[in-house]
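Asker: Questions regarding the structure given below will be posed in turn.
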Amino acid sequence: VEGGDIAILDGTNTRSSRRRAIEQQLKEHMDRQFKLIWIESICTLEEVIEKNILKTKVTSPDYKNWQDSEKAADDFRNRIKEYEKIYESLSKTRDGEEASFIQIINQGTQIVMRNVRGYIESKILSYLINLHTGDRPIYFTRHGESEYNKRGLIGGDSCLSKMGSKYAERLGDFFKKESIGWKEFRERPLIYCSTMKRAIQTAELLSFINTPLVMKSLDEINCGIRDGLTYEEIKENYPNEHQERNKDKLHYRYPRGESYMDVIQRIEPMIYELERRRGPVIIVGHQGMIRCLYGYFACVPIENIPTLDIPIHTVIKFVPEAYGFCEERFAIDPLSGTISKIDSTVIGKYPDQLSYVPK
Ligand code: F6P
């Protein structure tokens, strides 16, 4: 652990004696100052517990060799009962006068906290408040082809090309069909787009779903004084900048513009918003900015975010899950309207990172 880092020790630390032992171990082995916060998720909702057992527990490594999933589920139900017998809730008296903790009760319906102060601590708290494990799809799409795209220029605020406008229409058709499956969600679908013309023009054709919400935080990476050039022009006229960017695309900042790190910081409020939502959300954005949002949800190592493949005229349907995600990609041909599902083996780039479950 480096200074300023956050480490997560995941476990069922049901008893205060065990928690105290962990704290003691940390004190003995950590060679720097640290602050310990206990986070407890308490759930008394039978329906949620059952769903969690069936969806995430019986498929976990613990039950890898169990043929009968019903037996595995029963075993886990018994495990809960055993834990209940020895369970000791976090408390000031049991865990110590100074103990810091956050208890999230029934998926954030209620929060109990103690000794949680400071910038990072408050951020952890507000992040946790917004998390839930309910299923809901997040759709990512770049705007349709723009006049700048056609000419190979980066940045700018150009309008959609003819082809791009066609894509926007086809996108409307795609979501007409897709929205038939949204009745189960208790929250209305939302559409977010950037403040750029090409994104607004694409999102406008989805107004039959909901009025698009225009967000500055979703704007494309700002190319600063290189805005409006082609990649070739940059390479030819500013070879050092071209090289610098190739060497470290994540940290490279365009003069008077942004780096990918800047964009990752800028989209943070949108991440909270997407985590919080319980209904479908459609994001109409841009290549660079979608790389950052997608990268967060798909747990892509940060250095790989700037080179993620986010093709134009493609919808990424992404469903976050408790220990992974489901993803489908649909390439939409603006001219013919043909929708082709992209082979999941092409997109499952980081299967070791988490339990990626392509449909
Ligand atoms: O070319 C489209 C675009 O959205 C540009 O506006 C933007 O500069 C670029 O993609 C971001 O991609 P990269 O970081 O790979 O240059």
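Each chain in the structure tokens gets a letter, A, B and so on, in the order shown; residues start at 1 in every chain, and ligands are counted from 1 in the order they appear.
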Name all residues at most 10 Å from range 45-47 of chain A (count only C-alpha atoms; drop same-chain ones fewer than 2 positions away) and give them as a ChimeraX atom specification.
Answerer: /A:42-43,49-52,105-107
Asker: Enumerate, in order of chain and increasing residue number, the residues of chain A with an atom no farther than 9 Å from ligand 1, each with its shortest atom pair and distance in Å to one decimal, counting only C-alpha atoms and all ligand atoms, as a tab-separated table.
Answerer:
residue	atom	partner	partner_atom_place_in_ligand_line	distance
A:Arg142	CA	ligand 1	4 (O)	8.4
A:Ser146	CA	ligand 1	2 (C)	8.9
A:Tyr148	CA	ligand 1	1 (O)	7.9
A:Asn149	CA	ligand 1	1 (O)	5.9
A:Gly152	CA	ligand 1	1 (O)	6.8
A:Leu153	CA	ligand 1	1 (O)	6.6
A:Ile154	CA	ligand 1	6 (O)	4.0
A:Gly155	CA	ligand 1	6 (O)	3.5
A:Gly156	CA	ligand 1	6 (O)	6.8
A:Asp157	CA	ligand 1	6 (O)	8.9
A:Glu220	CA	ligand 1	4 (O)	6.1
A:Ile221	CA	ligand 1	8 (O)	6.0
A:Asn222	CA	ligand 1	8 (O)	7.0
A:Cys223	CA	ligand 1	8 (O)	6.0
A:Asp227	CA	ligand 1	8 (O)	7.6
A:Gly228	CA	ligand 1	6 (O)	8.5
A:Thr230	CA	ligand 1	1 (O)	8.8
A:Tyr231	CA	ligand 1	16 (O)	7.9
A:Lys249	CA	ligand 1	14 (O)	7.4
A:Leu250	CA	ligand 1	14 (O)	8.9
A:Ser259	CA	ligand 1	14 (O)	8.7
A:Tyr260	CA	ligand 1	14 (O)	7.6
A:Gly285	CA	ligand 1	4 (O)	8.7
A:His286	CA	ligand 1	4 (O)	5.1
A:Gln287	CA	ligand 1	4 (O)	4.7
A:Gly288	CA	ligand 1	11 (C)	4.5
A:Met289	CA	ligand 1	11 (C)	7.9
A:Arg291	CA	ligand 1	12 (O)	8.9
A:Pro306	CA	ligand 1	14 (O)	6.0
A:Thr307	CA	ligand 1	15 (O)	6.4
A:Leu308	CA	ligand 1	15 (O)	8.6
Asker: Print the selection's residues with N, CA, C and O atoms to a file, as a short mmCIF file (atom, residue, chain, number, x, y, z; two decimals), in the first residue's frame.
Answerer:
data_model
loop_
_atom_site.label_atom_id
_atom_site.label_comp_id
_atom_site.auth_asym_id
_atom_site.auth_seq_id
_atom_site.Cartn_x
_atom_site.Cartn_y
_atom_site.Cartn_z
N ARG A 142 -21.55 6.02 -29.04
CA ARG A 142 -20.98 7.28 -29.53
C ARG A 142 -22.05 7.95 -30.38
O ARG A 142 -22.96 7.29 -30.88
N SER A 146 -19.85 12.39 -37.44
CA SER A 146 -19.97 13.85 -37.55
C SER A 146 -19.21 14.32 -38.80
O SER A 146 -18.46 13.55 -39.40
N TYR A 148 -16.75 16.28 -38.76
CA TYR A 148 -15.33 16.20 -38.41
C TYR A 148 -14.82 14.76 -38.55
O TYR A 148 -13.73 14.53 -39.03
N ASN A 149 -15.62 13.80 -38.10
CA ASN A 149 -15.22 12.38 -38.23
C ASN A 149 -14.93 12.06 -39.69
O ASN A 149 -13.95 11.39 -40.02
N GLY A 152 -11.67 13.22 -40.68
CA GLY A 152 -10.56 12.73 -39.85
C GLY A 152 -10.03 13.77 -38.88
O GLY A 152 -8.88 13.68 -38.43
N LEU A 153 -10.85 14.79 -38.55
CA LEU A 153 -10.40 15.84 -37.62
C LEU A 153 -10.79 15.48 -36.20
O LEU A 153 -11.87 14.91 -35.96
N ILE A 154 -9.95 15.84 -35.26
CA ILE A 154 -10.27 15.53 -33.86
C ILE A 154 -10.97 16.73 -33.20
O ILE A 154 -10.77 17.87 -33.60
N GLY A 155 -11.76 16.41 -32.20
CA GLY A 155 -12.42 17.46 -31.41
C GLY A 155 -13.50 18.18 -32.18
O GLY A 155 -14.27 17.59 -32.93
N GLY A 156 -13.56 19.52 -31.99
CA GLY A 156 -14.53 20.35 -32.68
C GLY A 156 -15.95 20.19 -32.14
O GLY A 156 -16.19 19.46 -31.18
N ASP A 157 -16.85 20.93 -32.79
CA ASP A 157 -18.26 20.83 -32.38
C ASP A 157 -19.13 20.79 -33.63
O ASP A 157 -20.07 21.58 -33.78
N GLU A 220 -16.40 15.37 -24.94
CA GLU A 220 -15.24 14.61 -25.38
C GLU A 220 -13.96 15.21 -24.79
O GLU A 220 -13.94 16.39 -24.40
N ILE A 221 -12.91 14.41 -24.75
CA ILE A 221 -11.60 14.89 -24.28
C ILE A 221 -11.28 16.18 -25.04
O ILE A 221 -11.48 16.25 -26.26
N ASN A 222 -10.84 17.19 -24.30
CA ASN A 222 -10.56 18.49 -24.90
C ASN A 222 -9.15 18.47 -25.51
O ASN A 222 -8.17 18.27 -24.79
N CYS A 223 -9.08 18.66 -26.81
CA CYS A 223 -7.77 18.57 -27.49
C CYS A 223 -7.03 19.91 -27.47
O CYS A 223 -6.01 20.06 -28.18
N ASP A 227 -7.13 21.02 -31.30
CA ASP A 227 -8.50 20.76 -31.73
C ASP A 227 -8.66 21.13 -33.22
O ASP A 227 -8.17 22.17 -33.66
N GLY A 228 -9.27 20.26 -33.96
CA GLY A 228 -9.53 20.56 -35.38
C GLY A 228 -8.44 20.08 -36.32
O GLY A 228 -8.52 20.29 -37.52
N THR A 230 -5.87 16.85 -37.84
CA THR A 230 -5.91 15.39 -38.02
C THR A 230 -4.74 14.81 -37.24
O THR A 230 -3.80 15.54 -36.89
N TYR A 231 -4.79 13.48 -36.98
CA TYR A 231 -3.67 12.84 -36.29
C TYR A 231 -2.38 13.01 -37.11
O TYR A 231 -1.31 13.21 -36.57
N LYS A 249 -0.38 7.72 -23.11
CA LYS A 249 -1.65 8.32 -23.54
C LYS A 249 -2.54 8.67 -22.33
O LYS A 249 -3.34 9.60 -22.39
N LEU A 250 -2.37 7.91 -21.25
CA LEU A 250 -3.21 8.16 -20.07
C LEU A 250 -2.92 9.53 -19.44
O LEU A 250 -3.84 10.28 -19.11
N SER A 259 -6.10 15.53 -20.44
CA SER A 259 -5.54 14.18 -20.54
C SER A 259 -6.67 13.20 -20.21
O SER A 259 -7.73 13.61 -19.72
N TYR A 260 -6.42 11.91 -20.44
CA TYR A 260 -7.41 10.91 -20.03
C TYR A 260 -7.62 10.95 -18.52
O TYR A 260 -8.73 10.79 -18.03
N GLY A 285 -22.39 9.57 -26.15
CA GLY A 285 -21.16 10.32 -25.88
C GLY A 285 -20.15 10.23 -27.00
O GLY A 285 -20.50 10.24 -28.17
N HIS A 286 -18.91 10.11 -26.56
CA HIS A 286 -17.78 10.21 -27.48
C HIS A 286 -16.77 9.11 -27.17
O HIS A 286 -16.76 8.57 -26.05
N GLN A 287 -15.92 8.86 -28.13
CA GLN A 287 -14.95 7.77 -28.01
C GLN A 287 -14.14 7.84 -26.69
O GLN A 287 -14.15 6.89 -25.91
N GLY A 288 -13.47 8.97 -26.46
CA GLY A 288 -12.58 9.07 -25.30
C GLY A 288 -13.35 9.01 -23.99
O GLY A 288 -13.00 8.27 -23.06
N MET A 289 -14.41 9.77 -23.93
CA MET A 289 -15.18 9.85 -22.69
C MET A 289 -15.88 8.51 -22.36
O MET A 289 -15.90 8.09 -21.19
N ARG A 291 -14.72 5.59 -23.22
CA ARG A 291 -13.66 4.70 -22.76
C ARG A 291 -13.52 4.79 -21.24
O ARG A 291 -13.36 3.80 -20.55
N PRO A 306 -7.24 4.32 -22.25
CA PRO A 306 -7.16 5.18 -23.44
C PRO A 306 -7.13 4.44 -24.77
O PRO A 306 -7.24 5.07 -25.82
N THR A 307 -6.97 3.13 -24.75
CA THR A 307 -6.92 2.41 -26.03
C THR A 307 -8.08 1.42 -26.18
O THR A 307 -8.07 0.58 -27.08
N LEU A 308 -9.05 1.53 -25.31
CA LEU A 308 -10.21 0.61 -25.42
C LEU A 308 -10.91 0.79 -26.76
O LEU A 308 -10.94 1.90 -27.30
#
Asker: Enumerate as a ChimeraX atom specification all residues of range 92-317 of chain A assigned to strand (DSSP E) by DSSP on the backbone, naming them with the chain letters and numbers the document uses.
Answerer: /A:100-105,110-114,138-142,190-193,213-214,281-285,314-317
Asker: Need to verify the contact set: Arg186 in chain A, 10 Å, only C-alpha atoms, exclusion of same-chain residues closer than 5 positions in sequence. Can you return it as a list of chain:residue names?
Answerer: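 My list of contacting residues is A:Arg278, A:Gly279, A:Pro280.
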Asker: Write the selection just made, keeping N, CA and C atoms, as a PDB file, in the first residue's frame?
Answerer:
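The resulting file, selection07.pdb, is shown below:
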ATOM      1  N   ARG A 278     -31.625   2.907 -10.872  1.00  0.00           N
ATOM      2  CA  ARG A 278     -32.200   1.561 -10.841  1.00  0.00           C
ATOM      3  C   ARG A 278     -33.025   1.264 -12.088  1.00  0.00           C
ATOM      4  N   GLY A 279     -32.978   2.171 -13.043  1.00  0.00           N
ATOM      5  CA  GLY A 279     -33.657   1.945 -14.321  1.00  0.00           C
ATOM      6  C   GLY A 279     -32.648   2.034 -15.445  1.00  0.00           C
ATOM      7  N   PRO A 280     -33.076   1.761 -16.688  1.00  0.00           N
ATOM      8  CA  PRO A 280     -32.141   1.819 -17.809  1.00  0.00           C
ATOM      9  C   PRO A 280     -31.601   3.235 -18.029  1.00  0.00           C
TER      10      PRO A 280
END
Asker: DSSP on the backbone: what in range 128-232 of chain A comes out alpha helix (DSSP H), as a ChimeraX atom specification?
Answerer: /A:128-130,147-151,162-178,197-204,231-232
Asker: Pick out the closest residue to Thr133 in chain A from this set: A:Ala21, A:Val48, A:Ile102, A:Leu90. Count only C-alpha atoms.
Answerer: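 Selected residue with least distance to Thr133 in chain A: A:Val48.
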Asker: Write out as an MDAnalysis selection string the residues lying within 12 Å of Asn130 in chain A, counting only C-alpha atoms and excluding same-chain residues fewer than 2 positions away.
Answerer: chainID A and resid 104 107:111 123:128 132:134 269:278
Asker: Show which residues sit within 10 Å of Val58 in chain A, as a PyMOL selection string. Count only C-alpha atoms, and ignore same-chain residues fewer than 2 positions away.
Answerer: chain A and resi 52-56+60-64+66+68-76
Asker: Pick out the closest residue to Gly172 in chain A from this set: A:Leu205, A:Val284, A:Ile39, A:Cys326. Count only C-alpha atoms.
Answerer: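 Ranking A:Leu205, A:Val284, A:Ile39, A:Cys326 by distance to Gly172 in chain A, first place goes to A:Leu205.
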Asker: I need the residue nearest Arg15 in chain A from this list: A:Asn78, A:Ser41, A:Ser91, A:Gln67. Use only C-alpha atoms for the distance.
Answerer: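 The shortest atom-to-atom distance to Arg15 in chain A comes from A:Ser91.
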Asker: Can you work out the spacing between CA of Ala168 in chain A and CA of Asp343 in chain A in Å, to one decimal?
Answerer: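 Calculated distance between CA of Ala168 in chain A and CA of Asp343 in chain A is 23.2 Å.
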Asker: Calculated over only C-alpha atoms, which of the candidates A:Cys292, A:Ile209, A:Arg151, A:Ser336 has the smallest distance to Leu229 in chain A?
Answerer: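 Among the listed residues, A:Arg151 lies closest to Leu229 in chain A.
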Asker: Could you jot down the CA of Glu233 in chain A to CA of Ile302 in chain A separation for me, Å, one decimal place?
Answerer: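 About the pair CA of Glu233 in chain A and CA of Ile302 in chain A: they are 27.9 Å apart.
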